[in-house]
Every structure is written in structure tokens, then in C-alpha cells.
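**Q** Structure file entry-v1.tsv (TSV, C-alpha atoms) is given on the next line.
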chain	number	residue	atom	x	y	z
A	1	MET	CA	-57.86	77.28	0.77
A	2	THR	CA	-54.44	75.71	1.53
A	3	LEU	CA	-56.05	73.72	4.35
A	4	LYS	CA	-58.69	72.42	1.94
A	5	LYS	CA	-56.01	71.50	-0.62
A	6	SER	CA	-54.04	69.68	2.04
A	7	ARG	CA	-57.16	67.78	3.14
A	8	ASN	CA	-57.90	66.77	-0.45
A	9	LEU	CA	-54.32	65.60	-0.92
A	10	LYS	CA	-54.53	63.50	2.26
A	11	LEU	CA	-57.83	62.00	1.08
A	12	LEU	CA	-56.29	61.23	-2.31
A	13	ILE	CA	-53.26	59.56	-0.70
A	14	PHE	CA	-55.58	57.55	1.60
A	15	CYS	CA	-57.72	56.41	-1.35
A	16	ALA	CA	-54.63	55.44	-3.37
A	17	PHE	CA	-53.30	53.49	-0.38
A	18	LEU	CA	-56.64	51.74	0.11
A	19	ILE	CA	-56.90	50.77	-3.57
A	20	GLY	CA	-53.28	49.55	-3.52
A	21	ALA	CA	-53.89	47.48	-0.35
A	22	LEU	CA	-57.05	45.90	-1.76
A	23	GLY	CA	-55.28	45.11	-5.04
A	24	LEU	CA	-52.40	43.47	-3.18
A	25	LEU	CA	-54.84	41.46	-1.07
A	26	TYR	CA	-56.64	40.25	-4.21
A	27	ILE	CA	-53.37	39.21	-5.90
A	28	MET	CA	-52.16	37.41	-2.75
A	29	ARG	CA	-55.49	35.61	-2.35
A	30	ASN	CA	-55.48	34.42	-5.97
A	31	ALA	CA	-51.87	33.31	-5.74
A	32	ASN	CA	-52.68	31.38	-2.58
A	33	PHE	CA	-55.73	29.79	-4.21
A	34	SER	CA	-53.75	28.85	-7.27
A	35	SER	CA	-50.81	27.40	-5.34
A	36	LYS	CA	-53.18	25.50	-3.03
A	37	ASN	CA	-54.92	24.03	-6.08
A	38	ASN	CA	-51.66	23.05	-7.73
A	39	ARG	CA	-50.13	21.42	-4.65
A	40	THR	CA	-50.21	17.66	-5.20
A	41	GLU	CA	-49.65	14.67	-2.96
A	42	PHE	CA	-49.21	12.00	-5.64
A	43	SER	CA	-48.08	12.11	-9.23
A	44	MET	CA	-48.65	9.25	-11.68
A	45	ASN	CA	-49.96	8.28	-15.09
A	46	ALA	CA	-53.57	7.34	-15.78
A	47	ASP	CA	-52.79	3.62	-16.14
A	48	ARG	CA	-51.07	3.42	-12.78
A	49	LEU	CA	-54.00	5.11	-11.04
A	50	ILE	CA	-56.55	2.77	-12.65
A	51	THR	CA	-54.40	-0.29	-11.88
A	52	SER	CA	-54.22	0.76	-8.19
A	53	TYR	CA	-58.03	0.89	-8.03
A	54	LEU	CA	-58.58	-2.34	-9.96
A	55	THR	CA	-56.03	-4.20	-7.83
A	56	ASN	CA	-57.24	-3.07	-4.41
A	57	GLU	CA	-60.00	-0.44	-4.32
A	58	LYS	CA	-60.00	-0.10	-0.52
A	59	LYS	CA	-56.25	0.49	-0.38
A	60	ALA	CA	-56.37	2.93	-3.29
A	61	ASP	CA	-59.25	4.77	-1.60
A	62	SER	CA	-57.29	5.12	1.63
A	63	LEU	CA	-54.30	6.47	-0.31
A	64	TYR	CA	-55.98	8.79	-2.79
A	65	THR	CA	-59.51	9.83	-1.74
A	66	ASN	CA	-59.75	13.57	-1.08
A	67	LYS	CA	-56.05	14.03	-2.01
A	68	ARG	CA	-54.78	16.24	-4.83
A	69	LEU	CA	-53.37	14.02	-7.57
A	70	GLU	CA	-51.34	14.90	-10.64
A	71	VAL	CA	-52.37	12.47	-13.38
A	72	SER	CA	-50.97	12.30	-16.92
A	73	GLY	CA	-52.61	10.61	-19.86
A	74	ILE	CA	-54.03	10.85	-23.35
A	75	LEU	CA	-57.10	13.01	-23.84
A	76	LYS	CA	-60.06	10.92	-24.97
A	77	GLU	CA	-62.73	13.63	-25.04
A	78	VAL	CA	-63.96	16.93	-23.66
A	79	ASN	CA	-67.67	17.10	-22.88
A	80	PHE	CA	-70.22	19.48	-21.38
A	81	ILE	CA	-72.66	17.07	-19.74
A	82	ASN	CA	-74.66	18.55	-16.78
A	83	ASN	CA	-73.34	22.01	-17.79
A	84	ARG	CA	-69.91	20.99	-16.48
A	85	LYS	CA	-66.75	21.03	-18.59
A	86	THR	CA	-65.26	17.61	-18.13
A	87	ILE	CA	-62.26	15.92	-19.68
A	88	ILE	CA	-61.81	12.19	-20.02
A	89	LEU	CA	-58.37	10.59	-19.99
A	90	LYS	CA	-57.82	7.26	-21.73
A	91	THR	CA	-56.23	4.28	-20.05
A	92	GLN	CA	-54.95	1.02	-21.50
A	93	ARG	CA	-58.21	-0.63	-20.44
A	94	ALA	CA	-60.93	0.59	-22.78
A	95	SER	CA	-63.57	0.05	-20.12
A	96	THR	CA	-62.11	2.47	-17.56
A	97	THR	CA	-61.10	6.11	-17.80
A	98	ILE	CA	-60.24	9.07	-15.61
A	99	ILE	CA	-63.12	11.58	-15.43
A	100	CYS	CA	-61.88	15.08	-14.57
A	101	ASP	CA	-64.42	17.78	-13.65
A	102	LEU	CA	-62.70	21.10	-14.40
A	103	ASN	CA	-62.60	24.17	-12.18
A	104	ALA	CA	-63.16	27.71	-13.46
A	105	THR	CA	-59.45	28.44	-13.93
A	106	ALA	CA	-59.09	25.57	-16.41
A	107	LEU	CA	-61.87	26.71	-18.74
A	108	GLU	CA	-59.56	28.78	-20.94
A	109	THR	CA	-56.85	26.09	-21.19
A	110	VAL	CA	-59.38	23.46	-22.24
A	111	LYS	CA	-60.05	25.38	-25.48
A	112	LYS	CA	-56.45	24.69	-26.57
A	113	LEU	CA	-56.72	20.91	-26.15
A	114	LYS	CA	-56.87	18.40	-28.97
A	115	ARG	CA	-58.01	14.79	-28.90
A	116	GLU	CA	-55.17	12.28	-28.32
A	117	GLN	CA	-53.02	15.03	-26.79
A	118	TYR	CA	-50.88	13.96	-23.83
A	119	ILE	CA	-51.83	16.17	-20.90
A	120	THR	CA	-51.56	16.37	-17.13
A	121	VAL	CA	-54.43	17.20	-14.81
A	122	ILE	CA	-54.33	18.10	-11.14
A	123	GLY	CA	-57.51	17.24	-9.28
A	124	THR	CA	-59.02	15.97	-6.04
A	125	CYS	CA	-59.64	12.25	-6.16
A	126	LYS	CA	-63.16	11.20	-5.06
A	127	GLY	CA	-62.91	7.46	-5.69
A	128	PHE	CA	-63.77	4.84	-8.26
A	129	LEU	CA	-66.97	3.60	-9.88
A	130	LYS	CA	-66.23	2.31	-13.39
A	131	ASP	CA	-63.84	5.24	-13.75
A	132	VAL	CA	-61.69	7.25	-11.33
A	133	ILE	CA	-63.40	10.54	-10.48
A	134	LEU	CA	-61.32	13.73	-10.06
A	135	LEU	CA	-62.99	17.03	-9.12
A	136	ASN	CA	-61.80	20.65	-9.12
A	137	CYS	CA	-59.25	19.89	-11.85
A	138	ASN	CA	-56.60	22.15	-13.37
A	139	ILE	CA	-54.82	21.35	-16.62
A	140	LYS	CA	-51.07	21.34	-17.13
A	141	LEU	CA	-50.08	21.21	-20.79
A	142	ASN	CA	-47.07	18.98	-21.46
A	143	GLU	CA	-44.39	20.30	-23.79
B	1	MET	CA	-102.18	-6.40	-50.21
B	2	ASN	CA	-103.24	-6.66	-46.56
B	3	LYS	CA	-101.03	-9.75	-46.10
B	4	LEU	CA	-98.07	-7.92	-47.62
B	5	PHE	CA	-98.62	-4.98	-45.28
B	6	LEU	CA	-98.84	-7.27	-42.23
B	7	PHE	CA	-95.67	-9.10	-43.29
B	8	ALA	CA	-93.78	-5.78	-43.67
B	9	LEU	CA	-94.99	-4.61	-40.28
B	10	PHE	CA	-94.04	-7.91	-38.63
B	11	SER	CA	-90.57	-7.81	-40.25
B	12	ALA	CA	-90.03	-4.24	-39.07
B	13	VAL	CA	-90.88	-5.26	-35.49
B	14	ILE	CA	-88.53	-8.27	-35.67
B	15	VAL	CA	-85.68	-6.12	-37.05
B	16	ARG	CA	-86.31	-3.54	-34.35
B	17	PHE	CA	-86.22	-6.28	-31.66
B	18	SER	CA	-83.01	-7.80	-32.95
B	19	THR	CA	-81.17	-4.48	-33.30
B	20	GLU	CA	-82.33	-3.06	-29.95
B	21	GLN	CA	-79.31	-2.66	-27.71
B	22	PRO	CA	-80.06	-4.41	-24.42
B	23	LYS	CA	-77.67	-2.42	-22.22
B	24	TYR	CA	-77.02	1.30	-21.79
B	25	ILE	CA	-74.60	3.20	-19.56
B	26	ALA	CA	-74.44	6.72	-18.09
B	27	ARG	CA	-71.06	7.57	-16.58
B	28	GLN	CA	-71.81	11.22	-15.84
B	29	GLY	CA	-75.30	11.08	-14.43
B	30	GLN	CA	-76.47	13.85	-12.15
B	31	VAL	CA	-78.02	13.35	-8.72
B	32	SER	CA	-78.86	16.36	-6.59
B	33	PHE	CA	-80.53	16.68	-3.23
B	34	PHE	CA	-82.32	19.53	-1.50
B	35	SER	CA	-83.06	20.14	2.14
B	36	TYR	CA	-85.47	23.04	2.73
B	37	THR	CA	-85.95	24.53	6.20
B	38	SER	CA	-86.89	27.96	7.50
B	39	VAL	CA	-83.31	28.36	8.78
B	40	GLU	CA	-81.43	27.49	5.59
B	41	ASN	CA	-81.67	25.66	2.29
B	42	ILE	CA	-79.01	23.11	1.47
B	43	GLU	CA	-78.38	21.83	-2.03
B	44	ALA	CA	-75.69	19.48	-3.32
B	45	LYS	CA	-74.93	18.00	-6.74
B	46	ASN	CA	-73.03	14.96	-7.88
B	47	ASN	CA	-72.26	15.03	-11.62
B	48	GLN	CA	-70.37	11.75	-11.93
B	49	VAL	CA	-73.01	9.18	-11.04
B	50	LEU	CA	-72.80	5.81	-12.76
B	51	SER	CA	-75.91	4.05	-13.99
B	52	LEU	CA	-76.65	0.98	-16.08
B	53	LEU	CA	-79.91	0.15	-17.87
B	54	ASP	CA	-80.51	-3.44	-18.80
B	55	PHE	CA	-83.61	-3.73	-20.97
B	56	GLU	CA	-83.27	-7.48	-21.28
B	57	LYS	CA	-83.73	-7.90	-17.54
B	58	GLY	CA	-85.75	-4.70	-17.11
B	59	GLU	CA	-83.24	-3.49	-14.52
B	60	ILE	CA	-81.60	-0.22	-13.55
B	61	ALA	CA	-78.54	0.13	-11.32
B	62	VAL	CA	-77.13	3.38	-9.91
B	63	SER	CA	-73.91	3.90	-7.99
B	64	MET	CA	-72.49	7.15	-6.69
B	65	LEU	CA	-69.55	8.38	-4.64
B	66	MET	CA	-70.72	10.30	-1.57
B	67	PRO	CA	-67.59	12.53	-1.33
B	68	ALA	CA	-68.28	13.69	-4.91
B	69	PHE	CA	-71.30	15.76	-3.85
B	70	VAL	CA	-70.52	19.44	-4.34
B	71	PHE	CA	-72.01	21.97	-1.89
B	72	GLU	CA	-72.16	25.74	-1.93
B	73	LYS	CA	-70.16	25.94	1.30
B	74	ASP	CA	-67.11	23.87	2.30
B	75	LEU	CA	-68.48	23.50	5.83
B	76	MET	CA	-71.64	21.81	4.50
B	77	HIS	CA	-69.46	19.37	2.55
B	78	ALA	CA	-67.41	18.61	5.67
B	79	HIS	CA	-70.49	18.04	7.88
B	80	PHE	CA	-72.15	15.86	5.23
B	81	ASN	CA	-69.13	13.59	4.74
B	82	GLU	CA	-67.68	13.49	8.25
B	83	SER	CA	-70.71	13.63	10.54
B	84	TYR	CA	-73.83	12.56	8.65
B	85	ILE	CA	-72.91	10.14	5.86
B	86	GLU	CA	-69.52	9.04	7.27
B	87	SER	CA	-68.21	8.66	3.74
B	88	ASP	CA	-64.90	7.21	4.97
B	89	LEU	CA	-66.89	4.16	6.11
B	90	TYR	CA	-69.61	4.25	3.45
B	91	PRO	CA	-68.14	5.90	0.35
B	92	LYS	CA	-70.88	4.75	-2.04
B	93	ALA	CA	-74.66	4.84	-2.25
B	94	ASN	CA	-76.37	2.34	-4.54
B	95	PHE	CA	-79.76	1.68	-6.02
B	96	LYS	CA	-80.83	-1.43	-7.87
B	97	GLY	CA	-84.34	-1.66	-9.21
B	98	GLN	CA	-86.71	-3.32	-11.61
B	99	PHE	CA	-88.91	-1.46	-14.08
B	100	ILE	CA	-92.58	-2.27	-13.78
B	101	ASP	CA	-94.26	-2.83	-17.17
B	102	LEU	CA	-91.26	-1.84	-19.25
B	103	ASN	CA	-91.60	-2.11	-23.01
B	104	THR	CA	-88.73	-0.36	-24.80
B	105	LEU	CA	-90.49	-0.66	-28.14
B	106	ALA	CA	-93.19	1.64	-26.90
B	107	ILE	CA	-90.74	4.29	-25.70
B	108	GLU	CA	-90.38	7.03	-28.25
B	109	GLU	CA	-91.53	10.10	-26.38
B	110	LYS	CA	-91.19	10.83	-22.69
B	111	LYS	CA	-92.80	7.95	-20.84
B	112	ALA	CA	-93.55	7.70	-17.12
B	113	LEU	CA	-92.48	4.41	-15.54
B	114	LEU	CA	-92.27	2.96	-12.07
B	115	VAL	CA	-89.10	1.44	-10.69
B	116	LYS	CA	-89.16	-0.71	-7.60
B	117	GLY	CA	-85.89	-1.49	-5.87
B	118	ILE	CA	-83.49	-1.19	-2.97
B	119	LEU	CA	-81.71	2.02	-2.06
B	120	GLN	CA	-78.59	1.62	0.04
B	121	ILE	CA	-77.05	4.56	1.92
B	122	ARG	CA	-74.59	4.19	4.83
B	123	GLY	CA	-74.86	0.42	4.42
B	124	ILE	CA	-78.60	0.58	5.26
B	125	SER	CA	-81.00	-0.80	2.66
B	126	LYS	CA	-84.54	0.47	2.16
B	127	GLU	CA	-87.19	-0.49	-0.38
B	128	LYS	CA	-88.04	2.36	-2.69
B	129	GLU	CA	-90.56	2.92	-5.47
B	130	ILE	CA	-89.54	5.73	-7.80
B	131	LYS	CA	-91.46	7.33	-10.65
B	132	VAL	CA	-89.11	8.04	-13.56
B	133	PHE	CA	-89.43	9.46	-17.06
B	134	LEU	CA	-87.67	7.64	-19.89
B	135	THR	CA	-87.17	9.17	-23.35
B	136	LYS	CA	-85.54	7.62	-26.42
B	137	THR	CA	-82.85	9.82	-27.96
B	138	LYS	CA	-80.76	9.55	-31.12
B	139	GLU	CA	-77.88	7.92	-29.25
B	140	GLY	CA	-79.60	6.23	-26.33
B	141	TYR	CA	-82.02	7.17	-23.58
B	142	LEU	CA	-82.66	10.00	-21.14
B	143	LEU	CA	-83.98	9.21	-17.69
B	144	SER	CA	-85.12	11.69	-15.07
B	145	GLY	CA	-86.87	11.27	-11.76
B	146	GLU	CA	-87.52	12.72	-8.36
B	147	PHE	CA	-88.19	11.15	-4.97
B	148	ASN	CA	-87.97	11.86	-1.26
B	149	ILE	CA	-85.98	10.14	1.43
B	150	LEU	CA	-86.44	10.29	5.19
B	151	VAL	CA	-83.24	11.16	7.02
B	152	LYS	CA	-84.15	8.84	9.90
B	153	ASP	CA	-84.51	5.84	7.53
B	154	PHE	CA	-80.75	5.85	7.08
B	155	GLU	CA	-79.91	6.48	10.76
B	156	ILE	CA	-78.27	9.80	10.00
B	157	LYS	CA	-77.59	11.44	13.33
B	158	ILE	CA	-77.98	15.20	13.38
B	159	PRO	CA	-76.85	17.04	16.54
B	160	PRO	CA	-79.79	18.85	18.28
B	161	ILE	CA	-78.13	22.23	17.73
B	162	LEU	CA	-78.30	21.70	13.92
B	163	ALA	CA	-81.65	19.87	13.84
B	164	SER	CA	-83.53	22.97	12.69
B	165	ASN	CA	-81.08	23.46	9.77
B	166	ILE	CA	-81.71	20.10	8.15
B	167	ALA	CA	-85.05	18.90	6.78
B	168	LYS	CA	-86.44	15.58	7.98
B	169	THR	CA	-87.36	14.75	4.39
B	170	VAL	CA	-84.78	15.37	1.70
B	171	SER	CA	-85.81	15.72	-1.94
B	172	VAL	CA	-83.63	13.91	-4.51
B	173	LYS	CA	-83.52	14.59	-8.27
B	174	MET	CA	-81.73	12.55	-10.93
B	175	ASN	CA	-80.87	12.91	-14.59
B	176	PHE	CA	-79.05	10.36	-16.71
B	177	GLN	CA	-77.98	10.39	-20.37
B	178	TYR	CA	-77.46	6.80	-21.46
B	179	LEU	CA	-75.34	5.55	-24.35
B	180	PRO	CA	-75.12	1.98	-25.69
B	181	TYR	CA	-72.97	-0.22	-23.49
B	182	GLU	CA	-70.82	-2.99	-24.80
B	183	GLU	CA	-69.04	-4.76	-21.99
B	184	LYS	CA	-65.96	-5.57	-24.10
B	185	ASN	CA	-65.31	-1.92	-24.97
B	186	ASN	CA	-66.85	-0.14	-22.07
Output the file's structure as C-alpha cells, nothing else.
**A**
Amino acid sequence: MTLKKSRNLKLLIFCAFLIGALGLLYIMRNANFSSKNNRTEFSMNADRLITSYLTNEKKADSLYTNKRLEVSGILKEVNFINNRKTIILKTQRASTTIICDLNATALETVKKLKREQYITVIGTCKGFLKDVILLNCNIKLNE
Amino acid sequence: MNKLFLFALFSAVIVRFSTEQPKYIARQGQVSFFSYTSVENIEAKNNQVLSLLDFEKGEIAVSMLMPAFVFEKDLMHAHFNESYIESDLYPKANFKGQFIDLNTLAIEEKKALLVKGILQIRGISKEKEIKVFLTKTKEGYLLSGEFNILVKDFEIKIPPILASNIAKTVSVKMNFQYLPYEEKNN
């Protein structure tokens, strides 16, 4: 009976340890994902990014394509085209904007946004068509 | 009475002609491609494709960023951009075409149309005829279409070890939601 109790206790301790280890692994993995997604190589406002592309697209591409950029600007709209939550940042040129395709972690924050709000997004730059395209974007609300 | 009716009908057509917006833009068009083989299926989507419709000239133009295709696996994305498409060298793919027998006045419900044009991928241009469906919406137009491309047409080199993973013919789908385009403001 005592032997059985001892075995059960050991099993319980092992299970608790296993659950704890898995939990820790999950937290560390999420923290790593989050910090990796928030690490940026360039920080600028929307106008400066657009001006870089309009001045010299090739040079801007070599600097920014596939890099994580932190871009600040005024929110023009939030849309759900192609079943993707996307935010559009205004620039001084009405014809060009910053299109930011949001990642899953930003979906809650986007609900708090209002039009004309000054916000910062962190996303991977993919280049320029008529607008600069940022994918896998997070939102940083400015105080 | 008949004359009055004809006059009203004629006026309505004239008004319709004069108010018809000649140009439309889609900034978040979707282009996806599918490669089906017995080894694996590969699918990628690009949700930020730019397209312009010019009804005056009967033209359509499409431009997309190759690195903006999203894959299920990171490795697929890396192979596509680094080895196959070489998106550092050729970051964009373009299509410019002409509608055959386009009459915007007749487009109310979904209408099948043919577009003939040039598709450019990796700097290589190929003639392409694409069947598309155009529908008038409250704000603009919807366009959808599907076509196939041959991998060898664009000199995409696939290593022999991966040849069985990638289809020789890739199926491409597109969907665009167009809004009126005014060059001054857009």
C-alpha cells in the first residue's frame, strides 16, 4: 500500500514537472516570437518611407525589402478585403499610402483604433507598387 | 408617344455614357497560385496586387510584388524567392492586356470576357489569353479569372531532386475589387 502511494506520488510529481516544463516552453516560444516580430531595422514616418521609394525605388528596395520596419503615420482606414485585416496609413501624397497586412497578434489591438489616429506599425517591407506594402504587421499605439 | 420614349431612352444612354468613370483601381487584389503533384501541393497568396482598368482604352494592367506571396511554410517562400523567381533581380510580375469586345454599358451581371496581353515574370514576356468574369458593383467592378502557366515558359530552374514536388503547369487565380480612380487623388 505504501509502495503504491509512493509510486502515485512520483507519478504526480512527474506529471506536474512535465506540465510545468511544457508551460515554460510555450511562454518562452511566444516571447521569442513576439520579440522577433518587434525587432526592427529601420524606424521612420510614413512620408519618409514613401519619399524614399518615389525618389529611388531601387535604392529603397535594397535598403528595406524583407526588413522589419517601424513606420508611424495617420490611420486612413481599416479594411477586411480578401479576408485579411489590413490598415492603411496616410501620407502627404494622396495617391500613395502604406498598406499594412496585420498578423494574428494585432487583431485585438486593431479594434481600439480610430480613423485619423496617429499610430505606429511594425512590419516586413515587401516593396512598392502605388503604395508601400508591409506584411506580418504589429501595431504600437502611440500615447 | 413613341418619339418621346425613344428620346428618353437616348438621353438615358447619353447620361450613362458621360457619367461612366473611365478608370478603376484595385490596390488589394488577390492573386494565388497552386502547384499540385503527388508528392505535395503548394499554394501561395498575394493579397496586395495592384490593378488598373481603363474602359476608355479597353485595357487592364496588373502589377504584383513577388516577395509578397505568402506560403504555408517558410521554406517554400525561401525557395520560391531565392531559387525559382529570383525576386532580388525580378521583384515584380506584370500583365498588360486588352479586353476583346468590351462594352461596359452591357455589364450589369457577371459577364465572361477575354483579355489578350503580355505576362511578364522574371523579365520574360509571354503572350497570354485569359478568360475573366467582370461584374458591376455599387462602387465599381469585380473581376475574377483563372489561367495556367507553364513553369518552363519563364525559364524557372528546378533542381532534379525537387522536380517531382513542383508541377510543370501552375494554376493561377485572381480576384480584384475595383473602385473609381482619379489620378489627382489616387
**Q** With all atoms listed in the file as the counted atoms, please give the residues lying no more than 7 Å from region 45-62 of chain A, apart from itself and same-chain residues fewer than 5 positions off, as a VMD selection string.
**A** chain A and resid 71 to 73 91 to 92 98 127 to 128 132
**Q** Would you write out, as a tab-separated table, a table of all residues in chain B that have an atom no more than 12 Å from an atom of chain A, listing for each the closest atom pair and the distance in Å to one decimal, considering all atoms listed in the file and ordering rows by chain and rising residue number?
**A**
residue	atom	partner	partner_atom	distance
B:Ile25	CA	A:Lys130	CA	10.4
B:Ala26	CA	A:Lys130	CA	10.4
B:Arg27	CA	A:Lys130	CA	7.8
B:Gln28	CA	A:Ile81	CA	7.1
B:Gly29	CA	A:Asn82	CA	7.9
B:Gln30	CA	A:Asn82	CA	6.8
B:Val31	CA	A:Asn82	CA	10.2
B:Ser32	CA	A:Asn82	CA	11.2
B:Lys45	CA	A:Asn82	CA	10.1
B:Asn46	CA	A:Asn82	CA	9.7
B:Asn47	CA	A:Asn82	CA	6.7
B:Gln48	CA	A:Ile133	CA	7.2
B:Val49	CA	A:Leu129	CA	8.3
B:Leu50	CA	A:Leu129	CA	6.9
B:Ser51	CA	A:Leu129	CA	9.8
B:Leu52	CA	A:Lys130	CA	10.8
B:Val62	CA	A:Leu129	CA	10.2
B:Ser63	CA	A:Leu129	CA	7.2
B:Met64	CA	A:Leu129	CA	7.3
B:Leu65	CA	A:Gly127	CA	6.8
B:Met66	CA	A:Lys126	CA	8.4
B:Pro67	CA	A:Lys126	CA	5.9
B:Ala68	CA	A:Lys126	CA	5.7
B:Phe69	CA	A:Lys126	CA	9.4
B:Val70	CA	A:Leu135	CA	9.2
B:His77	CA	A:Asn66	CA	11.9
B:Ala78	CA	A:Asn66	CA	11.4
B:Asn81	CA	A:Asn66	CA	11.0
B:Ser87	CA	A:Thr65	CA	10.3
B:Asp88	CA	A:Ser62	CA	8.6
B:Leu89	CA	A:Lys58	CA	10.5
B:Tyr90	CA	A:Lys58	CA	11.3
B:Pro91	CA	A:Gly127	CA	8.1
B:Lys92	CA	A:Leu129	CA	8.8
B:Ala93	CA	A:Leu129	CA	10.9
B:Asn94	CA	A:Leu129	CA	10.9
B:Met174	CA	A:Asn82	CA	11.0
B:Asn175	CA	A:Asn82	CA	8.7
B:Phe176	CA	A:Asn82	CA	9.3
B:Gln177	CA	A:Ile81	CA	8.6
B:Tyr178	CA	A:Ile81	CA	11.5
B:Tyr181	CA	A:Ser95	CA	10.0
B:Glu182	CA	A:Ser95	CA	9.1
B:Glu183	CA	A:Ser95	CA	7.5
B:Lys184	CA	A:Ser95	CA	7.3
B:Asn185	CA	A:Ala94	CA	5.5
B:Asn186	CA	A:Ser95	CA	3.8
**Q** Could you tell me how far CA of Pro180 (chain B) lies from CA of Glu116 (chain A), in Å and to one decimal?
**A**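 Straight-line distance from CA of Pro180 (chain B) to CA of Glu116 (chain A) works out to 22.6 Å.
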**Q** Between CA of Ala61 (chain B) and CA of Ala167 (chain B), measure the distance and give it in Å to one decimal.
**A**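 Atom-to-atom, CA of Ala61 (chain B) to CA of Ala167 (chain B), that is 26.9 Å.
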**Q** CA of Gly97 (chain B) to CA of Lys116 (chain B): how many Å, to one decimal?
**A**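 We find that CA of Gly97 (chain B) and CA of Lys116 (chain B) lie 5.2 Å from each other.
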**Q** Closest to Gln120 (chain B) among B:Asp101, B:Glu108, B:Asp54, B:Glu155, using only C-alpha atoms?
**A**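 Under the stated criterion, the closest residue is B:Glu155.
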**Q** Given the point (-54.9, 13.2, -9.6) in the coordinates of this file, which residues lie within 8 Å, counting all atoms listed in the file, and how would they look as a PDB file with C-alpha atoms, in the coordinates of the input?
**A**
ATOM      1  CA  THR A  40     -50.210  17.660  -5.200  1.00  0.00           C
ATOM      2  CA  PHE A  42     -49.210  12.000  -5.640  1.00  0.00           C
ATOM      3  CA  SER A  43     -48.080  12.110  -9.230  1.00  0.00           C
ATOM      4  CA  MET A  44     -48.650   9.250 -11.680  1.00  0.00           C
ATOM      5  CA  LYS A  67     -56.050  14.030  -2.010  1.00  0.00           C
ATOM      6  CA  ARG A  68     -54.780  16.240  -4.830  1.00  0.00           C
ATOM      7  CA  LEU A  69     -53.370  14.020  -7.570  1.00  0.00           C
ATOM      8  CA  GLU A  70     -51.340  14.900 -10.640  1.00  0.00           C
ATOM      9  CA  VAL A  71     -52.370  12.470 -13.380  1.00  0.00           C
ATOM     10  CA  VAL A 121     -54.430  17.200 -14.810  1.00  0.00           C
ATOM     11  CA  ILE A 122     -54.330  18.100 -11.140  1.00  0.00           C
ATOM     12  CA  GLY A 123     -57.510  17.240  -9.280  1.00  0.00           C
ATOM     13  CA  THR A 124     -59.020  15.970  -6.040  1.00  0.00           C
ATOM     14  CA  CYS A 125     -59.640  12.250  -6.160  1.00  0.00           C
ATOM     15  CA  LEU A 134     -61.320  13.730 -10.060  1.00  0.00           C
TER      16      LEU A 134
END
**Q** Could you tell me which of A:Ala104, A:Lys4, A:Glu41, A:Phe80 comes closest to Leu63 (chain A) if we count all atoms listed in the file?
**A**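 Among A:Ala104, A:Lys4, A:Glu41, A:Phe80, it is A:Glu41 that comes nearest to Leu63 (chain A).
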